[in-house]
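Engineer: Here you go, this is data14.cif (mmCIF, C-alpha atoms).
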```
data_my_file
loop_
_atom_site.group_PDB
_atom_site.id
_atom_site.type_symbol
_atom_site.label_atom_id
_atom_site.label_comp_id
_atom_site.auth_asym_id
_atom_site.auth_seq_id
_atom_site.Cartn_x
_atom_site.Cartn_y
_atom_site.Cartn_z
ATOM 1 C CA MET D 1 2.529 -18.521 -21.011
ATOM 2 C CA SER D 2 2.940 -22.265 -21.168
ATOM 3 C CA SER D 3 6.724 -22.035 -21.415
ATOM 4 C CA ALA D 4 6.768 -19.687 -18.426
ATOM 5 C CA ASN D 5 4.786 -22.165 -16.387
ATOM 6 C CA ARG D 6 6.990 -25.143 -17.180
ATOM 7 C CA PRO D 7 9.817 -24.291 -14.760
ATOM 8 C CA HIS D 8 7.271 -23.730 -12.014
ATOM 9 C CA LYS D 9 5.628 -27.080 -12.684
ATOM 10 C CA TRP D 10 9.017 -28.784 -12.909
ATOM 11 C CA HIS D 11 10.058 -27.437 -9.509
ATOM 12 C CA GLN D 12 6.651 -28.296 -8.068
ATOM 13 C CA TRP D 13 6.772 -31.926 -9.169
ATOM 14 C CA THR D 14 10.365 -32.211 -7.987
ATOM 15 C CA LEU D 15 9.353 -31.085 -4.500
ATOM 16 C CA VAL D 16 6.345 -33.420 -4.498
ATOM 17 C CA ALA D 17 8.530 -36.353 -5.559
ATOM 18 C CA ALA D 18 11.092 -35.492 -2.868
ATOM 19 C CA ALA D 19 8.349 -35.320 -0.247
ATOM 20 C CA PHE D 20 6.955 -38.722 -1.263
ATOM 21 C CA ALA D 21 10.461 -40.207 -1.302
ATOM 22 C CA ALA D 22 11.115 -38.910 2.222
ATOM 23 C CA VAL D 23 7.808 -40.330 3.464
ATOM 24 C CA VAL D 24 8.534 -43.723 1.905
ATOM 25 C CA VAL D 25 12.091 -43.923 3.238
ATOM 26 C CA LEU D 26 11.447 -42.523 6.717
ATOM 27 C CA LEU D 27 7.905 -43.760 7.456
ATOM 28 C CA VAL D 28 6.656 -46.475 5.129
ATOM 29 C CA LEU D 29 9.812 -48.550 4.686
ATOM 30 C CA PRO D 30 10.442 -49.066 8.427
ATOM 31 C CA LEU D 31 6.870 -50.269 8.871
ATOM 32 C CA VAL D 32 7.223 -52.684 5.969
ATOM 33 C CA VAL D 33 10.472 -54.041 7.423
ATOM 34 C CA ILE D 34 8.870 -54.513 10.840
ATOM 35 C CA PHE D 35 6.005 -56.613 9.483
ATOM 36 C CA ALA D 36 8.299 -58.512 7.099
ATOM 37 C CA GLU D 37 10.652 -59.482 9.933
ATOM 38 C CA ALA D 38 7.725 -60.431 12.169
ATOM 39 C CA PHE D 39 6.442 -62.887 9.557
ATOM 40 C CA ALA D 40 9.910 -64.073 8.497
ATOM 41 C CA GLN D 41 9.378 -67.463 10.130
ATOM 42 C CA GLY D 42 5.719 -67.813 9.223
ATOM 43 C CA ALA D 43 2.362 -66.895 10.667
ATOM 44 C CA GLY D 44 2.539 -69.758 13.151
ATOM 45 C CA MET D 45 5.507 -68.202 14.932
ATOM 46 C CA VAL D 46 3.725 -64.837 15.014
ATOM 47 C CA ALA D 47 0.630 -66.458 16.547
ATOM 48 C CA SER D 48 2.794 -68.234 19.101
ATOM 49 C CA ASN D 49 4.445 -64.988 20.146
ATOM 50 C CA LEU D 50 1.139 -63.104 20.272
ATOM 51 C CA THR D 51 -0.423 -65.698 22.582
ATOM 52 C CA SER D 52 2.522 -65.952 24.972
ATOM 53 C CA ASP D 53 1.953 -64.934 28.570
ATOM 54 C CA ASP D 54 4.495 -62.108 28.375
ATOM 55 C CA MET D 55 2.872 -60.640 25.252
ATOM 56 C CA ILE D 56 -0.661 -60.819 26.624
ATOM 57 C CA GLY D 57 0.417 -59.244 29.913
ATOM 58 C CA ALA D 58 2.278 -56.461 28.074
ATOM 59 C CA ILE D 59 -0.728 -55.750 25.851
ATOM 60 C CA GLN D 60 -3.060 -55.551 28.830
ATOM 61 C CA LEU D 61 -0.728 -53.256 30.767
ATOM 62 C CA THR D 62 -0.177 -50.987 27.749
ATOM 63 C CA VAL D 63 -3.915 -50.639 27.207
ATOM 64 C CA ILE D 64 -4.534 -49.954 30.910
ATOM 65 C CA VAL D 65 -1.879 -47.219 31.019
ATOM 66 C CA ALA D 66 -3.313 -45.594 27.878
ATOM 67 C CA LEU D 67 -6.910 -45.834 29.124
ATOM 68 C CA ILE D 68 -5.951 -43.969 32.289
ATOM 69 C CA THR D 69 -3.551 -41.485 30.695
ATOM 70 C CA VAL D 70 -5.719 -40.269 27.823
ATOM 71 C CA PRO D 71 -8.796 -39.196 29.859
ATOM 72 C CA VAL D 72 -6.594 -37.537 32.500
ATOM 73 C CA ASN D 73 -4.731 -35.504 29.909
ATOM 74 C CA LEU D 74 -7.938 -34.789 28.003
ATOM 75 C CA VAL D 75 -9.411 -33.021 31.036
ATOM 76 C CA PHE D 76 -6.068 -31.524 32.052
ATOM 77 C CA GLY D 77 -5.362 -30.208 28.557
ATOM 78 C CA VAL D 78 -8.780 -28.606 28.150
ATOM 79 C CA LEU D 79 -8.482 -26.911 31.551
ATOM 80 C CA LEU D 80 -5.006 -25.603 30.735
ATOM 81 C CA ALA D 81 -6.103 -24.310 27.339
ATOM 82 C CA TRP D 82 -9.173 -22.657 28.874
ATOM 83 C CA CYS D 83 -7.131 -20.930 31.592
ATOM 84 C CA VAL D 84 -4.499 -19.656 29.173
ATOM 85 C CA THR D 85 -6.911 -18.423 26.497
ATOM 86 C CA ARG D 86 -9.934 -17.256 28.493
ATOM 87 C CA TYR D 87 -8.483 -15.625 31.626
ATOM 88 C CA GLU D 88 -6.086 -12.745 32.237
ATOM 89 C CA PHE D 89 -3.994 -13.254 35.373
ATOM 90 C CA ARG D 90 -0.479 -12.700 36.638
ATOM 91 C CA GLY D 91 1.672 -15.654 35.661
ATOM 92 C CA ARG D 92 -0.352 -16.639 32.582
ATOM 93 C CA LYS D 93 2.699 -16.585 30.305
ATOM 94 C CA LEU D 94 4.683 -18.540 32.886
ATOM 95 C CA LEU D 95 1.945 -21.195 32.984
ATOM 96 C CA SER D 96 1.975 -21.382 29.190
ATOM 97 C CA THR D 97 5.740 -21.882 29.275
ATOM 98 C CA LEU D 98 5.618 -24.547 31.978
ATOM 99 C CA ILE D 99 3.303 -26.644 29.797
ATOM 100 C CA ASP D 100 6.271 -27.312 27.517
ATOM 101 C CA ILE D 101 8.507 -28.817 30.231
ATOM 102 C CA PRO D 102 7.859 -32.414 29.061
ATOM 103 C CA PHE D 103 8.919 -31.375 25.541
ATOM 104 C CA ALA D 104 12.216 -29.945 26.785
ATOM 105 C CA MET D 105 13.040 -32.656 29.332
ATOM 106 C CA SER D 106 14.335 -36.084 28.381
ATOM 107 C CA PRO D 107 11.826 -38.834 29.323
ATOM 108 C CA VAL D 108 14.621 -40.739 31.073
ATOM 109 C CA VAL D 109 15.415 -37.691 33.229
ATOM 110 C CA ALA D 110 11.708 -37.289 33.997
ATOM 111 C CA GLY D 111 11.487 -40.927 35.067
ATOM 112 C CA LEU D 112 14.552 -40.524 37.280
ATOM 113 C CA CYS D 113 13.060 -37.420 38.927
ATOM 114 C CA TYR D 114 9.854 -39.304 39.706
ATOM 115 C CA LEU D 115 11.887 -42.207 41.058
ATOM 116 C CA VAL D 116 13.858 -39.920 43.378
ATOM 117 C CA VAL D 117 10.739 -38.169 44.692
ATOM 118 C CA TYR D 118 8.197 -41.001 44.779
ATOM 119 C CA GLY D 119 10.449 -44.043 45.136
ATOM 120 C CA GLY D 120 10.832 -46.082 48.302
ATOM 121 C CA GLN D 121 13.781 -43.950 49.436
ATOM 122 C CA GLY D 122 12.247 -40.659 48.289
ATOM 123 C CA LEU D 123 10.617 -38.144 50.594
ATOM 124 C CA VAL D 124 7.059 -38.634 49.332
ATOM 125 C CA GLY D 125 7.438 -42.308 48.448
ATOM 126 C CA GLU D 126 8.872 -43.260 51.829
ATOM 127 C CA TRP D 127 6.095 -41.377 53.637
ATOM 128 C CA LEU D 128 3.385 -43.089 51.576
ATOM 129 C CA ASP D 129 4.957 -46.486 52.137
ATOM 130 C CA ASP D 130 5.348 -46.038 55.902
ATOM 131 C CA ARG D 131 2.010 -44.325 56.497
ATOM 132 C CA PHE D 132 -0.342 -46.004 54.014
ATOM 133 C CA ASP D 133 1.663 -48.984 52.696
ATOM 134 C CA VAL D 134 1.357 -47.548 49.164
ATOM 135 C CA GLN D 135 4.034 -48.248 46.577
ATOM 136 C CA LEU D 136 4.049 -45.964 43.528
ATOM 137 C CA MET D 137 7.303 -46.830 41.785
ATOM 138 C CA PHE D 138 7.940 -50.245 40.184
ATOM 139 C CA ALA D 139 4.174 -50.603 39.887
ATOM 140 C CA LEU D 140 1.263 -49.427 37.741
ATOM 141 C CA PRO D 141 0.741 -46.059 39.549
ATOM 142 C CA GLY D 142 4.289 -44.908 38.824
ATOM 143 C CA MET D 143 4.051 -45.973 35.182
ATOM 144 C CA VAL D 144 0.831 -44.012 34.778
ATOM 145 C CA MET D 145 2.293 -40.961 36.530
ATOM 146 C CA VAL D 146 5.298 -40.663 34.216
ATOM 147 C CA THR D 147 3.185 -41.364 31.138
ATOM 148 C CA VAL D 148 0.779 -38.592 32.131
ATOM 149 C CA PHE D 149 3.763 -36.267 32.593
ATOM 150 C CA VAL D 150 5.292 -37.074 29.208
ATOM 151 C CA THR D 151 2.006 -36.736 27.301
ATOM 152 C CA CYS D 152 0.383 -33.817 29.156
ATOM 153 C CA PRO D 153 1.279 -31.021 26.658
ATOM 154 C CA TYR D 154 -0.278 -32.547 23.549
ATOM 155 C CA VAL D 155 -3.945 -31.683 24.036
ATOM 156 C CA ALA D 156 -3.197 -28.223 25.446
ATOM 157 C CA ARG D 157 -0.728 -27.334 22.706
ATOM 158 C CA VAL D 158 -3.224 -28.294 20.004
ATOM 159 C CA LEU D 159 -6.099 -26.360 21.602
ATOM 160 C CA ILE D 160 -4.375 -23.133 22.695
ATOM 161 C CA PRO D 161 -3.638 -21.654 19.224
ATOM 162 C CA LEU D 162 -7.108 -22.588 17.971
ATOM 163 C CA MET D 163 -8.939 -21.135 20.960
ATOM 164 C CA GLN D 164 -6.863 -17.949 20.801
ATOM 165 C CA SER D 165 -7.734 -17.462 17.120
ATOM 166 C CA GLN D 166 -11.431 -18.106 17.738
ATOM 167 C CA GLY D 167 -11.747 -15.452 20.412
ATOM 168 C CA THR D 168 -14.328 -15.258 23.179
ATOM 169 C CA GLU D 169 -17.203 -13.403 21.487
ATOM 170 C CA GLU D 170 -19.496 -16.409 21.065
ATOM 171 C CA GLU D 171 -19.014 -17.613 24.644
ATOM 172 C CA GLU D 172 -19.665 -14.103 25.964
ATOM 173 C CA ALA D 173 -22.827 -13.867 23.854
ATOM 174 C CA ALA D 174 -24.044 -17.182 25.261
ATOM 175 C CA ILE D 175 -23.407 -15.999 28.826
ATOM 176 C CA LEU D 176 -25.287 -12.751 28.160
ATOM 177 C CA LEU D 177 -28.232 -14.766 26.837
ATOM 178 C CA GLY D 178 -28.447 -16.644 30.135
ATOM 179 C CA ALA D 179 -26.294 -19.714 29.593
ATOM 180 C CA SER D 180 -24.192 -21.000 32.466
ATOM 181 C CA GLY D 181 -20.437 -21.411 32.114
ATOM 182 C CA TRP D 182 -20.821 -25.152 31.600
ATOM 183 C CA GLN D 183 -23.554 -24.666 28.989
ATOM 184 C CA ALA D 184 -21.421 -22.132 27.118
ATOM 185 C CA PHE D 185 -18.539 -24.586 27.042
ATOM 186 C CA TRP D 186 -20.637 -27.616 26.096
ATOM 187 C CA TYR D 187 -22.780 -26.006 23.393
ATOM 188 C CA VAL D 188 -20.482 -23.269 22.052
ATOM 189 C CA THR D 189 -16.816 -23.997 22.753
ATOM 190 C CA LEU D 190 -16.721 -27.785 22.482
ATOM 191 C CA PRO D 191 -18.302 -28.024 18.996
ATOM 192 C CA ARG D 192 -15.718 -25.532 17.716
ATOM 193 C CA ILE D 193 -12.707 -27.377 19.133
ATOM 194 C CA ARG D 194 -13.812 -30.995 18.907
ATOM 195 C CA TRP D 195 -11.642 -31.932 15.916
ATOM 196 C CA ALA D 196 -8.565 -30.296 17.384
ATOM 197 C CA LEU D 197 -9.407 -32.088 20.626
ATOM 198 C CA LEU D 198 -9.641 -35.386 18.772
ATOM 199 C CA TYR D 199 -6.274 -34.729 17.159
ATOM 200 C CA GLY D 200 -4.752 -34.033 20.585
ATOM 201 C CA VAL D 201 -6.242 -37.257 21.934
ATOM 202 C CA VAL D 202 -4.764 -39.205 19.017
ATOM 203 C CA LEU D 203 -1.310 -37.746 19.683
ATOM 204 C CA THR D 204 -1.627 -38.419 23.412
ATOM 205 C CA ASN D 205 -2.710 -42.007 22.864
ATOM 206 C CA ALA D 206 0.062 -42.683 20.357
ATOM 207 C CA ARG D 207 2.716 -41.327 22.717
ATOM 208 C CA ALA D 208 1.253 -43.110 25.752
ATOM 209 C CA VAL D 209 1.232 -46.456 23.964
ATOM 210 C CA GLY D 210 4.761 -46.057 22.645
ATOM 211 C CA GLU D 211 6.475 -44.379 25.623
ATOM 212 C CA PHE D 212 9.684 -46.147 26.607
ATOM 213 C CA GLY D 213 12.236 -43.929 28.385
ATOM 214 C CA ALA D 214 10.358 -42.662 31.426
ATOM 215 C CA VAL D 215 8.418 -45.896 31.910
ATOM 216 C CA SER D 216 11.566 -48.021 31.750
ATOM 217 C CA VAL D 217 13.058 -46.098 34.694
ATOM 218 C CA VAL D 218 10.080 -46.422 37.048
ATOM 219 C CA SER D 219 8.754 -49.837 36.006
ATOM 220 C CA GLY D 220 11.528 -51.988 37.408
ATOM 221 C CA LEU D 221 11.241 -54.198 34.291
ATOM 222 C CA ILE D 222 9.477 -56.939 36.235
ATOM 223 C CA ARG D 223 8.565 -59.692 33.812
ATOM 224 C CA GLY D 224 4.859 -60.391 33.693
ATOM 225 C CA GLU D 225 4.039 -57.416 35.919
ATOM 226 C CA THR D 226 5.489 -54.088 34.744
ATOM 227 C CA LEU D 227 6.374 -54.690 31.097
ATOM 228 C CA THR D 228 4.521 -52.640 28.509
ATOM 229 C CA LEU D 229 4.897 -53.432 24.813
ATOM 230 C CA PRO D 230 7.870 -51.073 24.239
ATOM 231 C CA LEU D 231 9.676 -52.555 27.246
ATOM 232 C CA LEU D 232 8.843 -56.079 26.098
ATOM 233 C CA ILE D 233 10.436 -55.338 22.714
ATOM 234 C CA GLN D 234 13.712 -54.535 24.434
ATOM 235 C CA MET D 235 13.558 -57.622 26.650
ATOM 236 C CA LEU D 236 12.730 -59.952 23.744
ATOM 237 C CA ASN D 237 15.552 -58.475 21.705
ATOM 238 C CA GLU D 238 17.984 -59.006 24.588
ATOM 239 C CA ASP D 239 16.752 -62.611 24.810
ATOM 240 C CA TYR D 240 17.597 -63.016 21.086
ATOM 241 C CA ASN D 241 13.930 -63.554 20.261
ATOM 242 C CA THR D 242 14.054 -61.365 17.170
ATOM 243 C CA VAL D 243 10.747 -62.556 15.767
ATOM 244 C CA GLY D 244 9.018 -61.914 19.072
ATOM 245 C CA ALA D 245 10.500 -58.410 19.270
ATOM 246 C CA PHE D 246 9.357 -57.581 15.740
ATOM 247 C CA THR D 247 5.949 -59.082 16.482
ATOM 248 C CA ALA D 248 5.509 -56.744 19.438
ATOM 249 C CA ALA D 249 6.795 -53.856 17.317
ATOM 250 C CA GLY D 250 4.354 -54.749 14.551
ATOM 251 C CA LEU D 251 1.534 -54.807 17.059
ATOM 252 C CA LEU D 252 2.469 -51.312 18.218
ATOM 253 C CA GLY D 253 2.599 -50.162 14.607
ATOM 254 C CA ALA D 254 -0.799 -51.678 13.902
ATOM 255 C CA MET D 255 -2.293 -49.934 16.929
ATOM 256 C CA ALA D 256 -0.916 -46.606 15.690
ATOM 257 C CA LEU D 257 -2.297 -47.168 12.183
ATOM 258 C CA VAL D 258 -5.740 -48.077 13.534
ATOM 259 C CA THR D 259 -5.764 -44.931 15.656
ATOM 260 C CA LEU D 260 -4.891 -42.737 12.670
ATOM 261 C CA LEU D 261 -7.451 -44.522 10.508
ATOM 262 C CA LEU D 262 -10.150 -43.869 13.085
ATOM 263 C CA LYS D 263 -9.204 -40.189 13.177
ATOM 264 C CA THR D 264 -9.362 -39.975 9.380
ATOM 265 C CA VAL D 265 -12.760 -41.660 9.220
ATOM 266 C CA LEU D 266 -14.217 -39.349 11.858
ATOM 267 C CA GLU D 267 -12.860 -36.288 10.050
ATOM 268 C CA TRP D 268 -14.285 -37.525 6.756
ATOM 269 C CA ARG D 269 -17.722 -38.063 8.301
ATOM 270 C CA GLN D 270 -17.682 -34.582 9.831
ATOM 271 C CA SER D 271 -16.604 -33.040 6.524
ATOM 272 C CA SER D 272 -19.441 -34.852 4.759
ATOM 273 C CA LYS D 273 -21.958 -33.519 7.276
ATOM 274 C CA LEU D 274 -20.670 -29.956 6.852
ATOM 275 C CA ASN D 275 -20.864 -30.201 3.060
ATOM 276 C CA ALA D 276 -24.398 -31.579 3.266
ATOM 277 C CA ALA D 277 -25.409 -28.756 5.598
ATOM 278 C CA GLU D 278 -23.949 -26.150 3.220
ATOM 279 C CA GLU D 279 -25.785 -27.671 0.261
ATOM 280 C CA THR D 280 -29.033 -27.595 2.231
ATOM 281 C CA LEU D 281 -28.571 -23.908 3.051
ATOM 282 C CA THR D 282 -27.847 -23.010 -0.559
#
```
Using structure tokens, write down the structure that the file contains.

Structural biologist:
Amino acid sequence: MSSANRPHKWHQWTLVAAAFAAVVVLLVLPLVVIFAEAFAQGAGMVASNLTSDDMIGAIQLTVIVALITVPVNLVFGVLLAWCVTRYEFRGRKLLSTLIDIPFAMSPVVAGLCYLVVYGGQGLVGEWLDDRFDVQLMFALPGMVMVTVFVTCPYVARVLIPLMQSQGTEEEEAAILLGASGWQAFWYVTLPRIRWALLYGVVLTNARAVGEFGAVSVVSGLIRGETLTLPLLIQMLNEDYNTVGAFTAAGLLGAMALVTLLLKTVLEWRQSSKLNAAEETLT
């Protein structure tokens, strides 16, 4: 028996080692290099780059774009998932397919499409500018619009398979017992999808913070006004400020790691509560 199990264990450990090697080479090593290059000239240079006007402005703009994008796509994703999984209507499969357009389209192409439609020479953009003196492109509104477009599938695509597998029996039971639609969602549906929802929010936030292609097209790359952290990295690199570019990249990496850490901590706390509840019942 033991000799029969040895080949299986040998193959198993080989696959595990290969998986760890891939993670180290593709994920861990680039992060290590980023932080090493950022601190190559000492912590003083890093502090100087972090406190520069361009860096502070880019951080503020990145946070603002993410703070607007994530709640919009949170609501939008839940509504899409609810429509696709809870209603039967003509065009439901088409709607489910259209959700994936941002996955199939290049972000640069998406940014160009928004620029053509909502730019100063575009049909909608020209009308808004002439009628209401509103400029969408080369400003914060346009950057938010393309970021919402690029990140809109994440929450919906995480929720749809889960909500389909869960079915509608519990919501229907709540409605039959006198609950309103909102009460059924808040007290029945939301507790069952909250961790998937959190995961979708994490993905949306990570993509919103790191989006480059679509934002670069509609931002105009105006220094001090429309530069997010990814755009600032490119500009600093073109200015031969390598340490500054790696400092901004390290800051983006740190923000991503903090987001994932927060997700892990919340999942661990929820798992602990579920285990405690099971032990109480037994």

Engineer: Give me the result of the PyMOL selection byres ((chain D and resi 148) around 8) on this file, residue by residue, as a list of chain:residue names.

Structural biologist: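 When the PyMOL selection byres ((chain D and resi 148) around 8) is applied to the shown file, the picked residues are D:Thr69, D:Val70, D:Val72, D:Asn73, D:Val144, D:Met145, D:Val146, D:Thr147, D:Phe149, D:Val150, D:Thr151, D:Cys152, D:Ala208.
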
Engineer: Please provide the set of residues having any atom within 12 Å of Ala43 in chain D, restricted to only C-alpha atoms, with same-chain residues fewer than 6 positions apart removed, written as a list in words.

Structural biologist: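 Here the qualifying residues turn out to be Phe35, Ala36, Glu37, Asn49, Leu50, Val243, Gly244 and Thr247 of chain D.
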
Engineer: Find, counting all atoms listed in the file, the residue in D:Leu221, D:Ile233, D:Ile56, D:Val155 that gets nearest to Tyr199 in chain D.

Structural biologist: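 Nearest candidate to Tyr199 in chain D out of D:Leu221, D:Ile233, D:Ile56, D:Val155: D:Val155.
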
Engineer: Any chance you could work out the residue set of the PyMOL selection byres ((chain D and resi 202) around 12) here, as a PDB file with C-alpha atoms, in the frame of the given file?

Structural biologist:
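See result-v4.pdb below for the written result:
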```pdb
ATOM      1  CA  ALA D  66      -3.313 -45.594  27.878  1.00  0.00           C
ATOM      2  CA  THR D  69      -3.551 -41.485  30.695  1.00  0.00           C
ATOM      3  CA  VAL D  70      -5.719 -40.269  27.823  1.00  0.00           C
ATOM      4  CA  PRO D  71      -8.796 -39.196  29.859  1.00  0.00           C
ATOM      5  CA  ASN D  73      -4.731 -35.504  29.909  1.00  0.00           C
ATOM      6  CA  LEU D  74      -7.938 -34.789  28.003  1.00  0.00           C
ATOM      7  CA  THR D 151       2.006 -36.736  27.301  1.00  0.00           C
ATOM      8  CA  TYR D 154      -0.278 -32.547  23.549  1.00  0.00           C
ATOM      9  CA  VAL D 155      -3.945 -31.683  24.036  1.00  0.00           C
ATOM     10  CA  VAL D 158      -3.224 -28.294  20.004  1.00  0.00           C
ATOM     11  CA  TRP D 195     -11.642 -31.932  15.916  1.00  0.00           C
ATOM     12  CA  ALA D 196      -8.565 -30.296  17.384  1.00  0.00           C
ATOM     13  CA  LEU D 197      -9.407 -32.088  20.626  1.00  0.00           C
ATOM     14  CA  LEU D 198      -9.641 -35.386  18.772  1.00  0.00           C
ATOM     15  CA  TYR D 199      -6.274 -34.729  17.159  1.00  0.00           C
ATOM     16  CA  GLY D 200      -4.752 -34.033  20.585  1.00  0.00           C
ATOM     17  CA  VAL D 201      -6.242 -37.257  21.934  1.00  0.00           C
ATOM     18  CA  LEU D 203      -1.310 -37.746  19.683  1.00  0.00           C
ATOM     19  CA  THR D 204      -1.627 -38.419  23.412  1.00  0.00           C
ATOM     20  CA  ASN D 205      -2.710 -42.007  22.864  1.00  0.00           C
ATOM     21  CA  ALA D 206       0.062 -42.683  20.357  1.00  0.00           C
ATOM     22  CA  ARG D 207       2.716 -41.327  22.717  1.00  0.00           C
ATOM     23  CA  ALA D 208       1.253 -43.110  25.752  1.00  0.00           C
ATOM     24  CA  VAL D 209       1.232 -46.456  23.964  1.00  0.00           C
ATOM     25  CA  MET D 255      -2.293 -49.934  16.929  1.00  0.00           C
ATOM     26  CA  ALA D 256      -0.916 -46.606  15.690  1.00  0.00           C
ATOM     27  CA  LEU D 257      -2.297 -47.168  12.183  1.00  0.00           C
ATOM     28  CA  VAL D 258      -5.740 -48.077  13.534  1.00  0.00           C
ATOM     29  CA  THR D 259      -5.764 -44.931  15.656  1.00  0.00           C
ATOM     30  CA  LEU D 260      -4.891 -42.737  12.670  1.00  0.00           C
ATOM     31  CA  LEU D 261      -7.451 -44.522  10.508  1.00  0.00           C
ATOM     32  CA  LEU D 262     -10.150 -43.869  13.085  1.00  0.00           C
ATOM     33  CA  LYS D 263      -9.204 -40.189  13.177  1.00  0.00           C
ATOM     34  CA  THR D 264      -9.362 -39.975   9.380  1.00  0.00           C
ATOM     35  CA  LEU D 266     -14.217 -39.349  11.858  1.00  0.00           C
TER      36      LEU D 266
END
```

Engineer: Val116 in chain D: which residues within 12 Å, counting only C-alpha atoms, same-chain residues fewer than 3 positions away excluded, as an mmCIF file with C-alpha atoms, keeping the file's coordinate frame?

Structural biologist:
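This is the output file around-v6.cif:
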```
data_model
loop_
_atom_site.group_PDB
_atom_site.id
_atom_site.type_symbol
_atom_site.label_atom_id
_atom_site.label_comp_id
_atom_site.auth_asym_id
_atom_site.auth_seq_id
_atom_site.Cartn_x
_atom_site.Cartn_y
_atom_site.Cartn_z
ATOM 1 C CA VAL D 109 15.415 -37.691 33.229
ATOM 2 C CA ALA D 110 11.708 -37.289 33.997
ATOM 3 C CA GLY D 111 11.487 -40.927 35.067
ATOM 4 C CA LEU D 112 14.552 -40.524 37.280
ATOM 5 C CA CYS D 113 13.060 -37.420 38.927
ATOM 6 C CA GLY D 119 10.449 -44.043 45.136
ATOM 7 C CA GLY D 120 10.832 -46.082 48.302
ATOM 8 C CA GLN D 121 13.781 -43.950 49.436
ATOM 9 C CA GLY D 122 12.247 -40.659 48.289
ATOM 10 C CA LEU D 123 10.617 -38.144 50.594
ATOM 11 C CA VAL D 124 7.059 -38.634 49.332
ATOM 12 C CA GLY D 125 7.438 -42.308 48.448
ATOM 13 C CA GLU D 126 8.872 -43.260 51.829
ATOM 14 C CA LEU D 136 4.049 -45.964 43.528
ATOM 15 C CA MET D 137 7.303 -46.830 41.785
ATOM 16 C CA GLY D 142 4.289 -44.908 38.824
ATOM 17 C CA VAL D 217 13.058 -46.098 34.694
ATOM 18 C CA VAL D 218 10.080 -46.422 37.048
#
```

Engineer: Do you have the CA of Leu80 in chain D-CA of Ala156 in chain D distance handy?

Structural biologist: 6.2 Å

Engineer: From the list D:Trp13, D:Trp268, D:Tyr118, D:Phe185, which residue is nearest Met163 in chain D when using all atoms listed in the file?

Structural biologist: D:Phe185

Engineer: Mind telling me what the PyMOL selection byres ((chain D and resi 227) around 12) catches here, as a ChimeraX atom specification?

Structural biologist: /D:53-65,138-140,143,211-212,215-226,228-236,248

Engineer: Quote the spacing between CA of Ala254 in chain D and CA of Leu31 in chain D in Å to one decimal place.

Structural biologist: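 So the answer is 9.3 Å.
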
Engineer: Under the rule that only C-alpha atoms are counted, which of D:Ala249, D:Phe132, D:Glu169, D:Asn241 is the nearest residue to Gln41 in chain D?

Structural biologist: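 Using only C-alpha atoms, Gln41 in chain D sits closest to D:Asn241.
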
Engineer: How many Å lie between CA of Thr85 in chain D and CA of Gln164 in chain D, rounded to one decimal?

Structural biologist: 5.7 Å

Engineer: Using all atoms listed in the file and a cutoff of 9 Å, can you tell me which residues are near (5.3, -47.5, 10.6) in the file's coordinates, and write them out as a list in words?

Structural biologist: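 Residues lying no farther than 9 Å from the given point: Leu26, Leu27, Val28, Leu29, Pro30, Leu31, Val32, Val33, Ile34, Gly250, Leu252, Gly253, Ala254, Ala256 and Leu257 of chain D.
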
Engineer: Take the residues from that selection and put them in a file with C-alpha atoms, as a compact mmCIF listing (two decimals), in the coordinates of the input.

Structural biologist:
```
# COMPACT_ATOMS: atom_id res chain seq x y z
CA LEU D 26 11.45 -42.52 6.72
CA LEU D 27 7.90 -43.76 7.46
CA VAL D 28 6.66 -46.48 5.13
CA LEU D 29 9.81 -48.55 4.69
CA PRO D 30 10.44 -49.07 8.43
CA LEU D 31 6.87 -50.27 8.87
CA VAL D 32 7.22 -52.68 5.97
CA VAL D 33 10.47 -54.04 7.42
CA ILE D 34 8.87 -54.51 10.84
CA GLY D 250 4.35 -54.75 14.55
CA LEU D 252 2.47 -51.31 18.22
CA GLY D 253 2.60 -50.16 14.61
CA ALA D 254 -0.80 -51.68 13.90
CA ALA D 256 -0.92 -46.61 15.69
CA LEU D 257 -2.30 -47.17 12.18
```

Engineer: D:Thr14, D:Asn237, D:Ser180, D:Thr242: which is nearest Phe39 in chain D, counting all atoms listed in the file?

Structural biologist: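 Looking only at the distances to Phe39 in chain D, the closest residue turns out to be D:Thr242.
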
Engineer: Of the candidates D:Arg157, D:Arg131, D:Arg86, D:Arg192, which one gets nearest to Leu98 in chain D if we count all atoms listed in the file?

Structural biologist: D:Arg157

Engineer: Missing atoms in range 230-235 of chain D: fill them in up to N, CA and C atoms and send the result as a PDB file, in the coordinates of the input.

Structural biologist:
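Once everything was written out, this is result.pdb:
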```pdb
ATOM      1  N   PRO D 230       6.520 -51.555  24.563  1.00  0.00           N
ATOM      2  CA  PRO D 230       7.870 -51.073  24.239  1.00  0.00           C
ATOM      3  C   PRO D 230       8.958 -51.715  25.092  1.00  0.00           C
ATOM      4  N   LEU D 231       8.687 -51.922  26.378  1.00  0.00           N
ATOM      5  CA  LEU D 231       9.676 -52.555  27.246  1.00  0.00           C
ATOM      6  C   LEU D 231       9.851 -54.025  26.891  1.00  0.00           C
ATOM      7  N   LEU D 232       8.761 -54.670  26.490  1.00  0.00           N
ATOM      8  CA  LEU D 232       8.843 -56.079  26.098  1.00  0.00           C
ATOM      9  C   LEU D 232       9.697 -56.238  24.844  1.00  0.00           C
ATOM     10  N   ILE D 233       9.608 -55.269  23.921  1.00  0.00           N
ATOM     11  CA  ILE D 233      10.436 -55.338  22.714  1.00  0.00           C
ATOM     12  C   ILE D 233      11.907 -55.391  23.082  1.00  0.00           C
ATOM     13  N   GLN D 234      12.317 -54.534  24.007  1.00  0.00           N
ATOM     14  CA  GLN D 234      13.712 -54.535  24.434  1.00  0.00           C
ATOM     15  C   GLN D 234      14.092 -55.858  25.080  1.00  0.00           C
ATOM     16  N   MET D 235      13.231 -56.381  25.947  1.00  0.00           N
ATOM     17  CA  MET D 235      13.558 -57.622  26.650  1.00  0.00           C
ATOM     18  C   MET D 235      13.633 -58.794  25.678  1.00  0.00           C
TER      19      MET D 235
END
```
